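Notes follow the structure.
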Amino acid sequence: MAKDWWLYHGSGPGGDRRARLEAGSPPPWRDFTGTPDPGYEPPGCEGPAWERTWRRGAGYVPGEAEKDVVNTALYLRRPLLITGKPGVGKSTLASSIATDLGLGPVLHWPITSRTVLRDGLYLYDAIGRLQEAGLEQLRTPGAHPAAPASAADVPPPPDPALAPAAVPAAAPSISRYLRLGPLGTALLPQDRPRVLLVDEIDKSDIDLPGDLLTVFEDGGFLIPELARLAQEDPTVAIGTDDDPEAAVRITQGHVQCRYFPVVVLTSNGERDFPPAFLRRCVRLHLEPPGPEKLARIVRRRLGVDIEEGEEYQELVQSFLDRGEDGDLATDQLLNAIQLRLAGAWSAPGDRDRFLATVMQHLTGPTA
């Protein structure tokens with residue numbers, strides 16, 4: 001049963017709940033003052049990117065405890081740190097939030113050991129701009145005159161009083177070489193939050209969680225390359241992670257959110273995080289689904305009622321039994337049922353070999 005205070009239900013689009021989300025008052029310490037660019041329109045609930053988000057999120061089946069924690073993060077406007085074994089649905093929950101509240105495509109920031117904070121905030125192609133400046137100088141007449149073939153071809157020196165002043169080639173606009181990253185795009189000032197998935201943050205360099213603290217607290221960041229040009233060009237339009245041609249205007253090089261984004265951070269538990277980082281997050285641990293939740297997932301994803309087919313009940317039980325010897329992901333069960341719907345392993349003797357193929361352990365001695 002849905003609770004009155006919930007914004008996220010996990011049951012499908014809810015325009016009234018999104019309106020409540022937009023109209024809700026933030027805690028005083030999470031109230032930000034960014035001014036939206038009236039010429040910029042973030043992507044809505046249409047197009048290929050939204051279709052990918054919807055396909056992933058519509059099939060997610062959250063439990064009551066998950067809904068409580070997700071709504072806590074929404075009301076407090078804090079990042080949601082989700083831990084759990086691989087395959088339990090941590091990343092899919094981000095798509096479920098975006099789908100349920102109609103918040104547009106999920107912004108995805110995958111983390112590796114080489115990821116640094118600036119990768120998520122913005123990208124600057126300094127080498128490309130330098131090369132373009134060099135080419136522009138070569139295109140300028142008289143910038144680099146060709147060497148004379150012989151001494152006779154050398155013209156007499158011009159009268160300095162009559163020679164025109166050299167006009168340096170104009171440097172190419174910096175806007176062509178700057179683009180906001182997924183975190184930077186999520187922090188653009190809007191009246192409706194975007195959903196940002198920071199995937200597998202436990203794989204990051206040890207400094208990244210600490211580097212994120214200031215951004216999470218301030219709800220904004222500075223682009224130094226634009227700040228240095230602020231006197232000559234105070235407002236510059238640059239692309240976003242959604243679209244390099246989106247051209248959102250940045251003033252004085254500063255990006256400041258208005259509504260703090262729905263930040264979902266996932267972790268497989270490969271490392272611990274500093275207390276200062278954990279204090280700024282709302283934490284959720286996802287356990288592997290039990291029989292009842294698996295049946296609901298299969299029904300929503302594949303339209304199959306487990307109770308109506310003994311062979312599907314046996315597949316679910318085999319999945320649970322094999323899970324005792326090593327970790328399995330829920331989509332491995334979905335793969336098995338999908339193949340069975342297609343008529344796979346029709347011969348009785350094929351079953352064990354089939355299960356060993358589609359339900360290989362992710363961890364444990366047989367992984």
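Just remember, in the structure tokens the first chain shown is A, the second B, etc., residues are 1-based per chain, and ligands are 1-based in the order shown.
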Quick one: which stretch 53-108 of chain A residues come within 12 Å of stretch 31-48 of chain A, and what is the nearest atom pair for each with the distance in Å to one decimal, counting only C-alpha atoms, rows ordered by chain and ascending number, as a tab-separated table?
```
residue	atom	partner	partner_atom	distance
A:Thr53	CA	A:Pro48	CA	8.8
A:Trp54	CA	A:Cys45	CA	8.8
A:Arg55	CA	A:Pro48	CA	10.5
A:Tyr75	CA	A:Asp31	CA	11.8
A:Leu76	CA	A:Asp31	CA	10.3
A:Arg77	CA	A:Asp31	CA	9.2
A:Arg78	CA	A:Asp31	CA	11.6
A:Ala98	CA	A:Cys45	CA	9.5
A:Thr99	CA	A:Cys45	CA	8.6
A:Asp100	CA	A:Cys45	CA	11.2
A:Leu101	CA	A:Cys45	CA	10.3
A:Gly102	CA	A:Cys45	CA	6.5
A:Leu103	CA	A:Gly44	CA	7.1
A:Gly104	CA	A:Gly44	CA	4.7
A:Pro105	CA	A:Pro43	CA	7.1
A:Val106	CA	A:Pro43	CA	10.1
A:Leu107	CA	A:Pro43	CA	10.8
```
Can you list, as a ChimeraX atom specification, every protein, DNA or RNA residue that comes within 9 Å of A:Leu213 when you count only C-alpha atoms, leaving out same-chain residues fewer than 6 positions away?
/A:276-277,280
Could you dump the residues just selected with N, CA, C and O atoms as a CSV table (one decimal), in the first residue's frame?
```csv
chain,number,residue,atom,x,y,z
A,276,ALA,N,32.9,11.4,6.3
A,276,ALA,CA,32.3,12.6,5.8
A,276,ALA,C,31.5,12.4,4.5
A,276,ALA,O,30.5,13.2,4.3
A,277,PHE,N,31.9,11.5,3.7
A,277,PHE,CA,31.1,11.2,2.5
A,277,PHE,C,29.8,10.5,2.8
A,277,PHE,O,28.7,10.8,2.3
A,280,ARG,N,26.9,12.6,4.1
A,280,ARG,CA,26.1,13.4,3.1
A,280,ARG,C,25.2,12.6,2.2
A,280,ARG,O,24.6,13.1,1.3
```
Pick the closest to A:Arg114 from A:Asn335, A:Ser204, A:Thr363, A:Gln317: which is it, counting only C-alpha atoms?
A:Ser204
Based on the backbone DSSP call, show me all residues of stretch 188-308 of chain A assigned strand (DSSP E), as a ChimeraX atom specification.
/A:195-199,220-222,235-238,248-251,254-256,262-267,282-286
Might you pull out every residue within 10 Å of stretch 83-88 of chain A, with only C-alpha atoms counted and same-chain residues fewer than 6 positions away left off, and present them as a list in words?
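Answer for this query is Glu200, Asp202, Leu265, Thr266, Ser267, Asn268, Gly269, Glu270, Arg283, Leu284, His285, Leu286, Glu287, Pro288, Pro289, Asp327, Leu328, Ala329, Thr330, Asp331, Gln332, Leu362 and Thr363 of chain A.
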File dump, residues just selected, C-alpha atoms, as a CSV table (one decimal), in the first residue's frame:
```csv
chain,number,residue,atom,x,y,z
A,200,GLU,CA,30.3,1.7,-9.4
A,202,ASP,CA,33.7,1.9,-5.3
A,265,LEU,CA,25.5,6.2,-6.5
A,266,THR,CA,26.0,2.5,-6.7
A,267,SER,CA,28.7,0.3,-5.0
A,268,ASN,CA,29.4,-3.4,-5.1
A,269,GLY,CA,31.1,-3.1,-1.7
A,270,GLU,CA,34.7,-3.3,-3.0
A,283,ARG,CA,22.2,4.8,2.3
A,284,LEU,CA,20.2,1.8,0.9
A,285,HIS,CA,21.4,-1.8,0.9
A,286,LEU,CA,19.7,-4.1,-1.6
A,287,GLU,CA,19.4,-7.8,-0.7
A,288,PRO,CA,19.0,-10.5,-3.4
A,289,PRO,CA,15.3,-10.9,-4.1
A,327,ASP,CA,26.1,-15.0,-6.5
A,328,LEU,CA,23.6,-14.9,-9.4
A,329,ALA,CA,22.0,-11.9,-11.0
A,330,THR,CA,18.3,-11.6,-11.4
A,331,ASP,CA,18.6,-11.1,-15.1
A,332,GLN,CA,20.0,-14.6,-15.4
A,362,LEU,CA,29.3,-14.6,-10.6
A,363,THR,CA,31.3,-15.4,-7.4
```
d(atom CA of A:Leu197, atom CA of A:Leu294) in Å:
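Separation between atom CA of A:Leu197 and atom CA of A:Leu294: 24.1 Å.
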Quick one: residues within 7 Å of A:Gly57, only C-alpha atoms, excluding same-chain residues fewer than 6 positions away - as JSON, numbers by chain?
{"A": [92, 93, 95, 96, 99]}
Using the selection just defined, write its residues with all heavy atoms as a PDB file, in the first residue's frame.
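out-v1.pdb, written as the output of this step:
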```
ATOM      1  N   THR A  92      19.417  -0.148 -12.007  1.00  0.00           N
ATOM      2  CA  THR A  92      18.060  -0.074 -12.558  1.00  0.00           C
ATOM      3  C   THR A  92      17.166   0.814 -11.706  1.00  0.00           C
ATOM      4  O   THR A  92      16.215   1.423 -12.210  1.00  0.00           O
ATOM      5  CB  THR A  92      17.463  -1.486 -12.671  1.00  0.00           C
ATOM      6  OG1 THR A  92      18.388  -2.325 -13.363  1.00  0.00           O
ATOM      7  CG2 THR A  92      16.160  -1.470 -13.445  1.00  0.00           C
ATOM      8  N   LEU A  93      17.451   0.908 -10.418  1.00  0.00           N
ATOM      9  CA  LEU A  93      16.637   1.757  -9.547  1.00  0.00           C
ATOM     10  C   LEU A  93      16.676   3.211  -9.993  1.00  0.00           C
ATOM     11  O   LEU A  93      15.685   3.935  -9.891  1.00  0.00           O
ATOM     12  CB  LEU A  93      17.104   1.616  -8.091  1.00  0.00           C
ATOM     13  CG  LEU A  93      16.359   2.442  -7.040  1.00  0.00           C
ATOM     14  CD1 LEU A  93      14.858   2.242  -7.127  1.00  0.00           C
ATOM     15  CD2 LEU A  93      16.868   2.118  -5.644  1.00  0.00           C
ATOM     16  N   SER A  95      16.842   4.299 -13.073  1.00  0.00           N
ATOM     17  CA  SER A  95      15.892   4.399 -14.181  1.00  0.00           C
ATOM     18  C   SER A  95      14.460   4.315 -13.687  1.00  0.00           C
ATOM     19  O   SER A  95      13.561   4.957 -14.242  1.00  0.00           O
ATOM     20  CB  SER A  95      16.157   3.282 -15.201  1.00  0.00           C
ATOM     21  OG  SER A  95      17.426   3.423 -15.793  1.00  0.00           O
ATOM     22  N   SER A  96      14.228   3.529 -12.635  1.00  0.00           N
ATOM     23  CA  SER A  96      12.881   3.421 -12.079  1.00  0.00           C
ATOM     24  C   SER A  96      12.420   4.758 -11.503  1.00  0.00           C
ATOM     25  O   SER A  96      11.260   5.161 -11.680  1.00  0.00           O
ATOM     26  CB  SER A  96      12.856   2.343 -10.998  1.00  0.00           C
ATOM     27  OG  SER A  96      11.582   2.270 -10.375  1.00  0.00           O
ATOM     28  N   THR A  99      11.631   7.067 -14.451  1.00  0.00           N
ATOM     29  CA  THR A  99      10.412   6.641 -15.127  1.00  0.00           C
ATOM     30  C   THR A  99       9.180   6.936 -14.298  1.00  0.00           C
ATOM     31  O   THR A  99       8.166   7.444 -14.799  1.00  0.00           O
ATOM     32  CB  THR A  99      10.489   5.131 -15.425  1.00  0.00           C
ATOM     33  OG1 THR A  99      11.617   4.877 -16.270  1.00  0.00           O
ATOM     34  CG2 THR A  99       9.235   4.640 -16.121  1.00  0.00           C
TER      35      THR A  99
END
```
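Among A:Ala49, A:Val264, A:Cys257, A:Leu333, the residue with the shortest atom-to-atom distance to A:Asp191, counting only C-alpha atoms, is A:Cys257.
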